[in-house]
Amino acid sequence: MVTSDQRRRQLAKEKYERQQQRRAEARQKTRRRAAVIGAAVAVVVATLVGLVVGGVFDSDKKKDEAADPAATPSASPTPQQSPSPAMAIDTKAKYTFALKTSAGDVTFAMDAAKTPQTVNSFKSLADKGYFDNTKCHRLTSGGIFVLQCGDPQGTGMGGPGYTIADENLDSLGKANEQGQVVYPAGTVAMANTGQPGSGGSQFFLVYKDSPLAPSYTPFGKIDAAGLKVLEEVAKAGTADGGQDGAPKTEVKIEKGTVTQS
């Protein structure tokens, strides 16, 4: 027969065991809750890291670049739709691009030896009358000093339907700490989208030394008379008075001709 003392001890033991079980269950719940929270935090952190790496939170940087004319001396050529023209020039010969414009004649010598793909493309386009009756759509006078031409649409978005490789990018020397080199006054260079190998038909004429990233194929040198024409166009400024826009003095290419000498 169980005595009252034994019964009390038995009840106390059972109560203690129930308390221990409840405490163990509580600890398990706490650990599970912490694991869930930790996993959720890890997912959020990973997502944020992915967004930063992917550039979603890079809008301030992009805005700064867009505001800097040195970051956008280019246009967006039409996406590639057809192959670039077959090589048909003599890379040992000299080629000259003569632009008869409404503002005066601009002529520049092209370096076929160092920029064969570019010169070949320009000769092919010029022979087809591609540049005839097109406007130079962009003049810049803040940070960089260029007149941009070669878009048959006159919007900065046109191109020949193909792209050509970058060439001669190291000819202007080593980039400075800002990642720029000087494109000297009189230089003619290819415009592009900012991506490698994205040049089409658009080009820019430098009328004053301009610091730029060495990403734009320099392929020509403007003669003295042509440079004076550009300086007069630049002196008149843009149509809206800003530092980047359509030139106030219209520059329409009436005829573009490439000749070999």
# chains A, B, ... in the order shown; residues from 1 in each chain; ligands from 1

call {"tool": "residues_around", "arguments": {"residues": "A:Asp170", "least_positions_apart": "6", "cutoff": "10 Å", "atoms": "only C-alpha atoms", "output": "ChimeraX atom specification"}}
result
/A:181,214-215,217-218

call {"tool": "write_last_selection", "arguments": {"atoms": "N, CA, C and O atoms", "output": "mmCIF file, in the first residue's frame"}}
result
data_model
loop_
_atom_site.group_PDB
_atom_site.id
_atom_site.type_symbol
_atom_site.label_atom_id
_atom_site.label_comp_id
_atom_site.auth_asym_id
_atom_site.auth_seq_id
_atom_site.Cartn_x
_atom_site.Cartn_y
_atom_site.Cartn_z
ATOM 1 N N VAL A 181 41.442 60.513 -71.772
ATOM 2 C CA VAL A 181 42.544 61.028 -72.576
ATOM 3 C C VAL A 181 42.022 62.267 -73.285
ATOM 4 O O VAL A 181 40.815 62.521 -73.314
ATOM 5 N N PRO A 214 38.932 56.779 -73.515
ATOM 6 C CA PRO A 214 39.478 56.311 -74.793
ATOM 7 C C PRO A 214 38.644 55.177 -75.368
ATOM 8 O O PRO A 214 39.109 54.054 -75.563
ATOM 9 N N SER A 215 37.384 55.484 -75.666
ATOM 10 C CA SER A 215 36.440 54.466 -76.119
ATOM 11 C C SER A 215 35.886 54.753 -77.506
ATOM 12 O O SER A 215 35.032 54.008 -77.987
ATOM 13 N N THR A 217 36.741 55.461 -81.445
ATOM 14 C CA THR A 217 37.762 55.307 -82.488
ATOM 15 C C THR A 217 38.147 56.630 -83.127
ATOM 16 O O THR A 217 37.341 57.242 -83.832
ATOM 17 N N PRO A 218 39.391 57.110 -82.934
ATOM 18 C CA PRO A 218 39.853 58.302 -83.645
ATOM 19 C C PRO A 218 40.358 57.875 -85.027
ATOM 20 O O PRO A 218 41.254 57.048 -85.130
#

call {"tool": "closest_atom_pairs", "arguments": {"of": "stretch 172-208 of chain A", "to": "stretch 226-242 of chain A", "cutoff": "12 Å", "atoms": "only C-alpha atoms", "output": "Markdown table"}}
result
| residue | atom | partner | partner_atom | distance |
| --- | --- | --- | --- | --- |
| A:Pro184 | CA | A:Leu227 | CA | 11.6 |
| A:Ala185 | CA | A:Leu227 | CA | 8.0 |
| A:Gly186 | CA | A:Leu227 | CA | 6.2 |
| A:Thr187 | CA | A:Leu227 | CA | 9.6 |
| A:Val188 | CA | A:Leu227 | CA | 10.8 |
| A:Phe204 | CA | A:Leu230 | CA | 11.1 |
| A:Leu205 | CA | A:Leu230 | CA | 8.0 |
| A:Val206 | CA | A:Leu230 | CA | 8.4 |
| A:Tyr207 | CA | A:Leu230 | CA | 6.0 |
| A:Lys208 | CA | A:Glu231 | CA | 8.2 |

call {"tool": "write_last_selection", "arguments": {"atoms": "N, CA, C and O atoms", "output": "PDB file, in the first residue's frame"}}
result
ATOM      1  N   PRO A 184      42.351  65.762 -79.227  1.00  0.00           N
ATOM      2  CA  PRO A 184      42.764  67.118 -79.616  1.00  0.00           C
ATOM      3  C   PRO A 184      41.801  67.752 -80.627  1.00  0.00           C
ATOM      4  O   PRO A 184      41.109  67.054 -81.382  1.00  0.00           O
ATOM      5  N   ALA A 185      41.773  69.077 -80.624  1.00  0.00           N
ATOM      6  CA  ALA A 185      40.998  69.813 -81.625  1.00  0.00           C
ATOM      7  C   ALA A 185      41.425  69.350 -83.010  1.00  0.00           C
ATOM      8  O   ALA A 185      42.612  69.178 -83.288  1.00  0.00           O
ATOM      9  N   GLY A 186      40.449  69.125 -83.883  1.00  0.00           N
ATOM     10  CA  GLY A 186      40.738  68.651 -85.228  1.00  0.00           C
ATOM     11  C   GLY A 186      40.578  67.155 -85.386  1.00  0.00           C
ATOM     12  O   GLY A 186      40.614  66.633 -86.504  1.00  0.00           O
ATOM     13  N   THR A 187      40.353  66.441 -84.269  1.00  0.00           N
ATOM     14  CA  THR A 187      40.175  64.993 -84.329  1.00  0.00           C
ATOM     15  C   THR A 187      38.762  64.645 -84.801  1.00  0.00           C
ATOM     16  O   THR A 187      37.792  65.320 -84.456  1.00  0.00           O
ATOM     17  N   VAL A 188      38.662  63.595 -85.598  1.00  0.00           N
ATOM     18  CA  VAL A 188      37.365  63.025 -85.964  1.00  0.00           C
ATOM     19  C   VAL A 188      37.312  61.629 -85.357  1.00  0.00           C
ATOM     20  O   VAL A 188      38.245  60.840 -85.519  1.00  0.00           O
ATOM     21  N   PHE A 204      31.952  62.283 -84.531  1.00  0.00           N
ATOM     22  CA  PHE A 204      31.988  63.642 -83.989  1.00  0.00           C
ATOM     23  C   PHE A 204      33.279  64.342 -84.370  1.00  0.00           C
ATOM     24  O   PHE A 204      34.349  63.731 -84.467  1.00  0.00           O
ATOM     25  N   LEU A 205      33.143  65.638 -84.615  1.00  0.00           N
ATOM     26  CA  LEU A 205      34.238  66.511 -85.028  1.00  0.00           C
ATOM     27  C   LEU A 205      34.630  67.362 -83.826  1.00  0.00           C
ATOM     28  O   LEU A 205      33.820  68.127 -83.301  1.00  0.00           O
ATOM     29  N   VAL A 206      35.865  67.229 -83.376  1.00  0.00           N
ATOM     30  CA  VAL A 206      36.326  67.933 -82.173  1.00  0.00           C
ATOM     31  C   VAL A 206      36.872  69.306 -82.578  1.00  0.00           C
ATOM     32  O   VAL A 206      37.833  69.396 -83.330  1.00  0.00           O
ATOM     33  N   TYR A 207      36.245  70.391 -82.067  1.00  0.00           N
ATOM     34  CA  TYR A 207      36.700  71.741 -82.429  1.00  0.00           C
ATOM     35  C   TYR A 207      37.552  72.380 -81.335  1.00  0.00           C
ATOM     36  O   TYR A 207      38.135  73.457 -81.528  1.00  0.00           O
ATOM     37  N   LYS A 208      37.659  71.690 -80.184  1.00  0.00           N
ATOM     38  CA  LYS A 208      38.493  72.165 -79.083  1.00  0.00           C
ATOM     39  C   LYS A 208      38.881  70.954 -78.258  1.00  0.00           C
ATOM     40  O   LYS A 208      38.086  70.015 -78.117  1.00  0.00           O
TER      41      LYS A 208
END

call {"tool": "closest_residue", "arguments": {"among": "A:Thr107, A:Thr134, A:Thr115, A:Gln28", "to": "A:Ser171", "atoms": "only C-alpha atoms"}}
result
A:Thr115

call {"tool": "atom_distance", "arguments": {"atom1": "atom CA of A:Thr140", "atom2": "atom CA of A:Lys174"}}
result
24.3 Å

call {"tool": "closest_residue", "arguments": {"among": "A:Met190, A:Ala165, A:Ala93, A:Ala126", "to": "A:Ala109", "atoms": "only C-alpha atoms"}}
result
A:Ala93

call {"tool": "atom_distance", "arguments": {"atom1": "atom CA of A:Lys221", "atom2": "atom CA of A:Ser82"}}
result
28.9 Å

call {"tool": "select_by_dssp", "arguments": {"residues": "stretch 100-165 of chain A", "states": "helix (DSSP H, G or I)", "output": "PDB file with N, CA, C and O atoms, in the first residue's frame"}}
result
ATOM      1  N   PRO A 116      41.198  50.555 -90.558  1.00  0.00           N
ATOM      2  CA  PRO A 116      40.705  50.053 -91.847  1.00  0.00           C
ATOM      3  C   PRO A 116      39.204  49.762 -91.881  1.00  0.00           C
ATOM      4  O   PRO A 116      38.536  50.069 -92.873  1.00  0.00           O
ATOM      5  N   GLN A 117      38.676  49.184 -90.812  1.00  0.00           N
ATOM      6  CA  GLN A 117      37.245  48.869 -90.791  1.00  0.00           C
ATOM      7  C   GLN A 117      36.400  50.136 -90.840  1.00  0.00           C
ATOM      8  O   GLN A 117      35.390  50.214 -91.541  1.00  0.00           O
ATOM      9  N   THR A 118      36.837  51.150 -90.095  1.00  0.00           N
ATOM     10  CA  THR A 118      36.103  52.417 -90.040  1.00  0.00           C
ATOM     11  C   THR A 118      36.143  53.122 -91.388  1.00  0.00           C
ATOM     12  O   THR A 118      35.107  53.559 -91.911  1.00  0.00           O
ATOM     13  N   VAL A 119      37.328  53.241 -91.959  1.00  0.00           N
ATOM     14  CA  VAL A 119      37.471  53.922 -93.251  1.00  0.00           C
ATOM     15  C   VAL A 119      36.711  53.168 -94.340  1.00  0.00           C
ATOM     16  O   VAL A 119      36.042  53.774 -95.181  1.00  0.00           O
ATOM     17  N   ASN A 120      36.809  51.857 -94.322  1.00  0.00           N
ATOM     18  CA  ASN A 120      36.097  51.051 -95.321  1.00  0.00           C
ATOM     19  C   ASN A 120      34.588  51.274 -95.234  1.00  0.00           C
ATOM     20  O   ASN A 120      33.898  51.418 -96.258  1.00  0.00           O
ATOM     21  N   SER A 121      34.071  51.326 -94.015  1.00  0.00           N
ATOM     22  CA  SER A 121      32.639  51.552 -93.821  1.00  0.00           C
ATOM     23  C   SER A 121      32.224  52.934 -94.317  1.00  0.00           C
ATOM     24  O   SER A 121      31.212  53.081 -95.017  1.00  0.00           O
ATOM     25  N   PHE A 122      33.025  53.952 -93.984  1.00  0.00           N
ATOM     26  CA  PHE A 122      32.667  55.312 -94.388  1.00  0.00           C
ATOM     27  C   PHE A 122      32.728  55.474 -95.909  1.00  0.00           C
ATOM     28  O   PHE A 122      31.883  56.162 -96.488  1.00  0.00           O
ATOM     29  N   LYS A 123      33.692  54.843 -96.529  1.00  0.00           N
ATOM     30  CA  LYS A 123      33.757  54.942 -97.990  1.00  0.00           C
ATOM     31  C   LYS A 123      32.553  54.250 -98.625  1.00  0.00           C
ATOM     32  O   LYS A 123      31.943  54.759 -99.571  1.00  0.00           O
ATOM     33  N   SER A 124      32.213  53.079 -98.101  1.00  0.00           N
ATOM     34  CA  SER A 124      31.060  52.338 -98.622  1.00  0.00           C
ATOM     35  C   SER A 124      29.779  53.164 -98.491  1.00  0.00           C
ATOM     36  O   SER A 124      28.982  53.256 -99.427  1.00  0.00           O
ATOM     37  N   LEU A 125      29.589  53.781 -97.328  1.00  0.00           N
ATOM     38  CA  LEU A 125      28.381  54.582 -97.099  1.00  0.00           C
ATOM     39  C   LEU A 125      28.374  55.836 -97.978  1.00  0.00           C
ATOM     40  O   LEU A 125      27.348  56.181 -98.580  1.00  0.00           O
ATOM     41  N   ALA A 126      29.522  56.517 -98.032  1.00  0.00           N
ATOM     42  CA  ALA A 126      29.604  57.749 -98.822  1.00  0.00           C
ATOM     43  C   ALA A 126      29.361  57.469-100.307  1.00  0.00           C
ATOM     44  O   ALA A 126      28.698  58.251-101.001  1.00  0.00           O
ATOM     45  N   ASP A 127      29.885  56.352-100.804  1.00  0.00           N
ATOM     46  CA  ASP A 127      29.692  56.003-102.208  1.00  0.00           C
ATOM     47  C   ASP A 127      28.219  55.797-102.547  1.00  0.00           C
ATOM     48  O   ASP A 127      27.800  55.954-103.696  1.00  0.00           O
TER      49      ASP A 127
END

call {"tool": "residues_around", "arguments": {"residues": "A:Tyr95", "least_positions_apart": "4", "cutoff": "10 Å", "atoms": "only C-alpha atoms", "output": "ChimeraX atom specification"}}
result
/A:89-91,108-112,119-120,123,220,258-261

call {"tool": "write_last_selection", "arguments": {"atoms": "N, CA, C and O atoms", "output": "PDB file, in the first residue's frame"}}
result
ATOM      1  N   ILE A  89      38.966  48.586 -99.431  1.00  0.00           N
ATOM      2  CA  ILE A  89      39.921  49.698 -99.531  1.00  0.00           C
ATOM      3  C   ILE A  89      41.349  49.178 -99.497  1.00  0.00           C
ATOM      4  O   ILE A  89      41.609  48.045 -99.080  1.00  0.00           O
ATOM      5  N   ASP A  90      42.258  50.019 -99.932  1.00  0.00           N
ATOM      6  CA  ASP A  90      43.688  49.725 -99.846  1.00  0.00           C
ATOM      7  C   ASP A  90      44.204  50.363 -98.559  1.00  0.00           C
ATOM      8  O   ASP A  90      44.238  51.586 -98.427  1.00  0.00           O
ATOM      9  N   THR A  91      44.569  49.542 -97.605  1.00  0.00           N
ATOM     10  CA  THR A  91      44.979  50.068 -96.300  1.00  0.00           C
ATOM     11  C   THR A  91      46.285  50.868 -96.362  1.00  0.00           C
ATOM     12  O   THR A  91      46.633  51.558 -95.406  1.00  0.00           O
ATOM     13  N   PHE A 108      38.555  66.113 -93.986  1.00  0.00           N
ATOM     14  CA  PHE A 108      39.510  65.483 -93.077  1.00  0.00           C
ATOM     15  C   PHE A 108      40.123  64.232 -93.703  1.00  0.00           C
ATOM     16  O   PHE A 108      39.488  63.500 -94.458  1.00  0.00           O
ATOM     17  N   ALA A 109      41.397  64.045 -93.403  1.00  0.00           N
ATOM     18  CA  ALA A 109      42.138  62.869 -93.852  1.00  0.00           C
ATOM     19  C   ALA A 109      41.824  61.714 -92.918  1.00  0.00           C
ATOM     20  O   ALA A 109      41.740  61.890 -91.699  1.00  0.00           O
ATOM     21  N   MET A 110      41.637  60.521 -93.482  1.00  0.00           N
ATOM     22  CA  MET A 110      41.333  59.336 -92.680  1.00  0.00           C
ATOM     23  C   MET A 110      42.521  58.379 -92.673  1.00  0.00           C
ATOM     24  O   MET A 110      43.221  58.228 -93.677  1.00  0.00           O
ATOM     25  N   ASP A 111      42.744  57.755 -91.521  1.00  0.00           N
ATOM     26  CA  ASP A 111      43.892  56.859 -91.347  1.00  0.00           C
ATOM     27  C   ASP A 111      43.476  55.423 -91.661  1.00  0.00           C
ATOM     28  O   ASP A 111      43.020  54.679 -90.783  1.00  0.00           O
ATOM     29  N   ALA A 112      43.643  55.028 -92.926  1.00  0.00           N
ATOM     30  CA  ALA A 112      43.227  53.685 -93.350  1.00  0.00           C
ATOM     31  C   ALA A 112      44.102  52.593 -92.750  1.00  0.00           C
ATOM     32  O   ALA A 112      43.637  51.465 -92.528  1.00  0.00           O
ATOM     33  N   VAL A 119      37.328  53.241 -91.959  1.00  0.00           N
ATOM     34  CA  VAL A 119      37.471  53.922 -93.251  1.00  0.00           C
ATOM     35  C   VAL A 119      36.711  53.168 -94.340  1.00  0.00           C
ATOM     36  O   VAL A 119      36.042  53.774 -95.181  1.00  0.00           O
ATOM     37  N   ASN A 120      36.809  51.857 -94.322  1.00  0.00           N
ATOM     38  CA  ASN A 120      36.097  51.051 -95.321  1.00  0.00           C
ATOM     39  C   ASN A 120      34.588  51.274 -95.234  1.00  0.00           C
ATOM     40  O   ASN A 120      33.898  51.418 -96.258  1.00  0.00           O
ATOM     41  N   LYS A 123      33.692  54.843 -96.529  1.00  0.00           N
ATOM     42  CA  LYS A 123      33.757  54.942 -97.990  1.00  0.00           C
ATOM     43  C   LYS A 123      32.553  54.250 -98.625  1.00  0.00           C
ATOM     44  O   LYS A 123      31.943  54.759 -99.571  1.00  0.00           O
ATOM     45  N   GLY A 220      40.313  60.310 -88.020  1.00  0.00           N
ATOM     46  CA  GLY A 220      40.558  61.363 -88.989  1.00  0.00           C
ATOM     47  C   GLY A 220      41.111  62.631 -88.379  1.00  0.00           C
ATOM     48  O   GLY A 220      41.066  62.827 -87.155  1.00  0.00           O
ATOM     49  N   VAL A 258      34.110  60.426-100.258  1.00  0.00           N
ATOM     50  CA  VAL A 258      35.400  59.854 -99.855  1.00  0.00           C
ATOM     51  C   VAL A 258      36.211  59.586-101.115  1.00  0.00           C
ATOM     52  O   VAL A 258      35.758  58.892-102.029  1.00  0.00           O
ATOM     53  N   THR A 259      37.413  60.125-101.141  1.00  0.00           N
ATOM     54  CA  THR A 259      38.298  59.922-102.293  1.00  0.00           C
ATOM     55  C   THR A 259      39.619  59.317-101.860  1.00  0.00           C
ATOM     56  O   THR A 259      40.068  59.511-100.720  1.00  0.00           O
ATOM     57  N   GLN A 260      40.229  58.567-102.759  1.00  0.00           N
ATOM     58  CA  GLN A 260      41.526  57.937-102.511  1.00  0.00           C
ATOM     59  C   GLN A 260      42.610  58.696-103.252  1.00  0.00           C
ATOM     60  O   GLN A 260      42.418  59.130-104.385  1.00  0.00           O
ATOM     61  N   SER A 261      43.734  58.867-102.601  1.00  0.00           N
ATOM     62  CA  SER A 261      44.846  59.552-103.249  1.00  0.00           C
ATOM     63  C   SER A 261      46.143  58.788-103.066  1.00  0.00           C
ATOM     64  O   SER A 261      46.219  57.856-102.259  1.00  0.00           O
TER      65      SER A 261
END

call {"tool": "closest_residue", "arguments": {"among": "A:Gly194, A:Gly179, A:Gly129, A:Pro211", "to": "A:Gly256", "atoms": "only C-alpha atoms"}}
result
A:Gly129

call {"tool": "atom_distance", "arguments": {"atom1": "atom CA of A:Lys252", "atom2": "atom CA of A:Cys149"}}
result
9.1 Å

call {"tool": "residues_around", "arguments": {"residues": "A:Gln153", "least_positions_apart": "2", "cutoff": "12 Å", "atoms": "only C-alpha atoms", "output": "ChimeraX atom specification"}}
result
/A:75-78,130-137,149-151,155-160,201-202

call {"tool": "write_last_selection", "arguments": {"atoms": "all heavy atoms", "output": "compact mmCIF listing (two decimals), in the first residue's frame"}}
result
# COMPACT_ATOMS: atom_id res chain seq x y z
N ALA A 75 25.73 58.38 -79.67
CA ALA A 75 24.33 58.16 -79.93
C ALA A 75 24.07 56.66 -79.90
O ALA A 75 24.96 55.87 -79.68
CB ALA A 75 23.96 58.73 -81.28
N SER A 76 22.82 56.28 -80.12
CA SER A 76 22.47 54.88 -80.15
C SER A 76 22.16 54.45 -81.57
O SER A 76 21.06 54.68 -82.06
CB SER A 76 21.24 54.64 -79.26
OG SER A 76 21.51 55.01 -77.95
N PRO A 77 23.12 53.83 -82.25
CA PRO A 77 22.87 53.40 -83.61
C PRO A 77 21.75 52.37 -83.68
O PRO A 77 21.43 51.71 -82.69
CB PRO A 77 24.20 52.76 -84.04
CG PRO A 77 25.21 53.33 -83.10
CD PRO A 77 24.48 53.55 -81.82
N THR A 78 21.15 52.23 -84.84
CA THR A 78 20.13 51.23 -85.04
C THR A 78 20.72 49.85 -84.75
O THR A 78 21.85 49.58 -85.11
CB THR A 78 19.63 51.27 -86.51
OG1 THR A 78 19.15 52.58 -86.78
CG2 THR A 78 18.54 50.25 -86.75
N TYR A 130 24.97 58.03 -98.60
CA TYR A 130 24.34 57.89 -97.28
C TYR A 130 24.32 59.20 -96.48
O TYR A 130 23.35 59.49 -95.77
CB TYR A 130 25.08 56.80 -96.50
CG TYR A 130 24.55 56.51 -95.12
CD1 TYR A 130 23.56 55.55 -94.92
CD2 TYR A 130 25.04 57.17 -93.99
CE1 TYR A 130 23.08 55.27 -93.65
CE2 TYR A 130 24.57 56.90 -92.73
CZ TYR A 130 23.58 55.94 -92.57
OH TYR A 130 23.10 55.67 -91.32
N PHE A 131 25.39 59.97 -96.58
CA PHE A 131 25.51 61.18 -95.76
C PHE A 131 24.90 62.41 -96.42
O PHE A 131 24.79 63.47 -95.78
CB PHE A 131 26.99 61.45 -95.44
CG PHE A 131 27.65 60.35 -94.67
CD1 PHE A 131 28.49 59.44 -95.31
CD2 PHE A 131 27.43 60.20 -93.31
CE1 PHE A 131 29.10 58.41 -94.61
CE2 PHE A 131 28.04 59.18 -92.59
CZ PHE A 131 28.87 58.28 -93.24
N ASP A 132 24.51 62.31 -97.67
CA ASP A 132 23.98 63.46 -98.40
C ASP A 132 22.65 63.93 -97.80
O ASP A 132 21.78 63.11 -97.46
CB ASP A 132 23.78 63.11 -99.88
CG ASP A 132 25.09 62.71 -100.56
OD1 ASP A 132 26.16 62.86 -99.93
OD2 ASP A 132 25.03 62.25 -101.72
N ASN A 133 22.53 65.24 -97.65
CA ASN A 133 21.30 65.86 -97.14
C ASN A 133 20.94 65.38 -95.73
O ASN A 133 19.77 65.16 -95.40
CB ASN A 133 20.12 65.59 -98.09
CG ASN A 133 20.37 66.16 -99.47
OD1 ASN A 133 20.74 67.33 -99.62
ND2 ASN A 133 20.19 65.35 -100.50
N THR A 134 21.97 65.23 -94.90
CA THR A 134 21.74 64.90 -93.48
C THR A 134 22.27 66.04 -92.61
O THR A 134 23.17 66.77 -93.01
CB THR A 134 22.46 63.59 -93.09
OG1 THR A 134 23.88 63.76 -93.25
CG2 THR A 134 22.00 62.43 -93.95
N LYS A 135 21.71 66.18 -91.43
CA LYS A 135 22.09 67.26 -90.54
C LYS A 135 23.02 66.78 -89.43
O LYS A 135 22.88 65.66 -88.93
CB LYS A 135 20.84 67.88 -89.89
CG LYS A 135 19.94 68.62 -90.86
CD LYS A 135 18.76 69.23 -90.12
CE LYS A 135 17.84 70.00 -91.07
NZ LYS A 135 16.68 70.60 -90.36
N CYS A 136 23.94 67.64 -89.04
CA CYS A 136 24.74 67.40 -87.83
C CYS A 136 23.83 67.82 -86.67
O CYS A 136 23.49 68.99 -86.53
CB CYS A 136 26.02 68.22 -87.86
SG CYS A 136 27.15 67.72 -89.18
N HIS A 137 23.43 66.86 -85.88
CA HIS A 137 22.32 67.06 -84.94
C HIS A 137 22.72 67.53 -83.55
O HIS A 137 21.87 67.94 -82.78
CB HIS A 137 21.54 65.76 -84.79
CG HIS A 137 22.36 64.62 -84.24
ND1 HIS A 137 23.21 63.87 -85.01
CD2 HIS A 137 22.48 64.13 -82.97
CE1 HIS A 137 23.80 62.95 -84.26
NE2 HIS A 137 23.38 63.09 -83.02
N CYS A 149 27.67 64.26 -86.17
CA CYS A 149 26.99 64.11 -87.45
C CYS A 149 26.84 62.63 -87.78
O CYS A 149 27.23 61.77 -87.01
CB CYS A 149 27.79 64.80 -88.56
SG CYS A 149 28.42 66.45 -88.18
N GLY A 150 26.29 62.36 -88.96
CA GLY A 150 26.25 61.00 -89.47
C GLY A 150 24.98 60.23 -89.22
O GLY A 150 24.90 59.05 -89.57
N ASP A 151 23.97 60.88 -88.62
CA ASP A 151 22.69 60.21 -88.40
C ASP A 151 21.70 60.68 -89.46
O ASP A 151 21.29 61.83 -89.47
CB ASP A 151 22.16 60.55 -87.00
CG ASP A 151 20.77 59.99 -86.74
OD1 ASP A 151 20.31 59.16 -87.55
OD2 ASP A 151 20.15 60.39 -85.75
N THR A 155 18.32 62.51 -85.29
CA THR A 155 17.82 62.41 -83.92
C THR A 155 18.86 61.90 -82.93
O THR A 155 18.65 61.95 -81.73
CB THR A 155 16.62 61.45 -83.86
OG1 THR A 155 17.06 60.14 -84.26
CG2 THR A 155 15.50 61.92 -84.78
N GLY A 156 19.97 61.36 -83.46
CA GLY A 156 20.96 60.73 -82.60
C GLY A 156 20.68 59.25 -82.41
O GLY A 156 21.40 58.57 -81.67
N MET A 157 19.64 58.72 -83.05
CA MET A 157 19.25 57.32 -82.88
C MET A 157 19.46 56.50 -84.15
O MET A 157 19.23 55.30 -84.16
CB MET A 157 17.78 57.23 -82.46
CG MET A 157 17.46 57.93 -81.17
SD MET A 157 18.32 57.21 -79.75
CE MET A 157 17.44 55.66 -79.60
N GLY A 158 19.87 57.13 -85.25
CA GLY A 158 19.97 56.42 -86.52
C GLY A 158 21.31 55.78 -86.77
O GLY A 158 22.32 56.14 -86.16
N GLY A 159 21.33 54.84 -87.69
CA GLY A 159 22.57 54.16 -88.04
C GLY A 159 22.38 53.37 -89.32
O GLY A 159 21.29 53.30 -89.87
N PRO A 160 23.45 52.73 -89.79
CA PRO A 160 23.41 52.04 -91.08
C PRO A 160 22.82 50.64 -91.04
O PRO A 160 22.71 49.98 -92.07
CB PRO A 160 24.89 51.98 -91.47
CG PRO A 160 25.59 51.85 -90.16
CD PRO A 160 24.80 52.72 -89.21
N SER A 201 27.35 54.79 -88.04
CA SER A 201 27.69 55.83 -89.02
C SER A 201 27.92 57.18 -88.38
O SER A 201 28.38 58.11 -89.03
CB SER A 201 26.57 55.95 -90.05
OG SER A 201 25.34 56.34 -89.41
N GLN A 202 27.58 57.33 -87.09
CA GLN A 202 27.70 58.62 -86.45
C GLN A 202 29.15 58.89 -86.02
O GLN A 202 29.85 57.99 -85.55
CB GLN A 202 26.77 58.70 -85.25
CG GLN A 202 25.29 58.66 -85.65
CD GLN A 202 24.38 58.93 -84.49
OE1 GLN A 202 24.62 59.84 -83.70
NE2 GLN A 202 23.31 58.16 -84.37
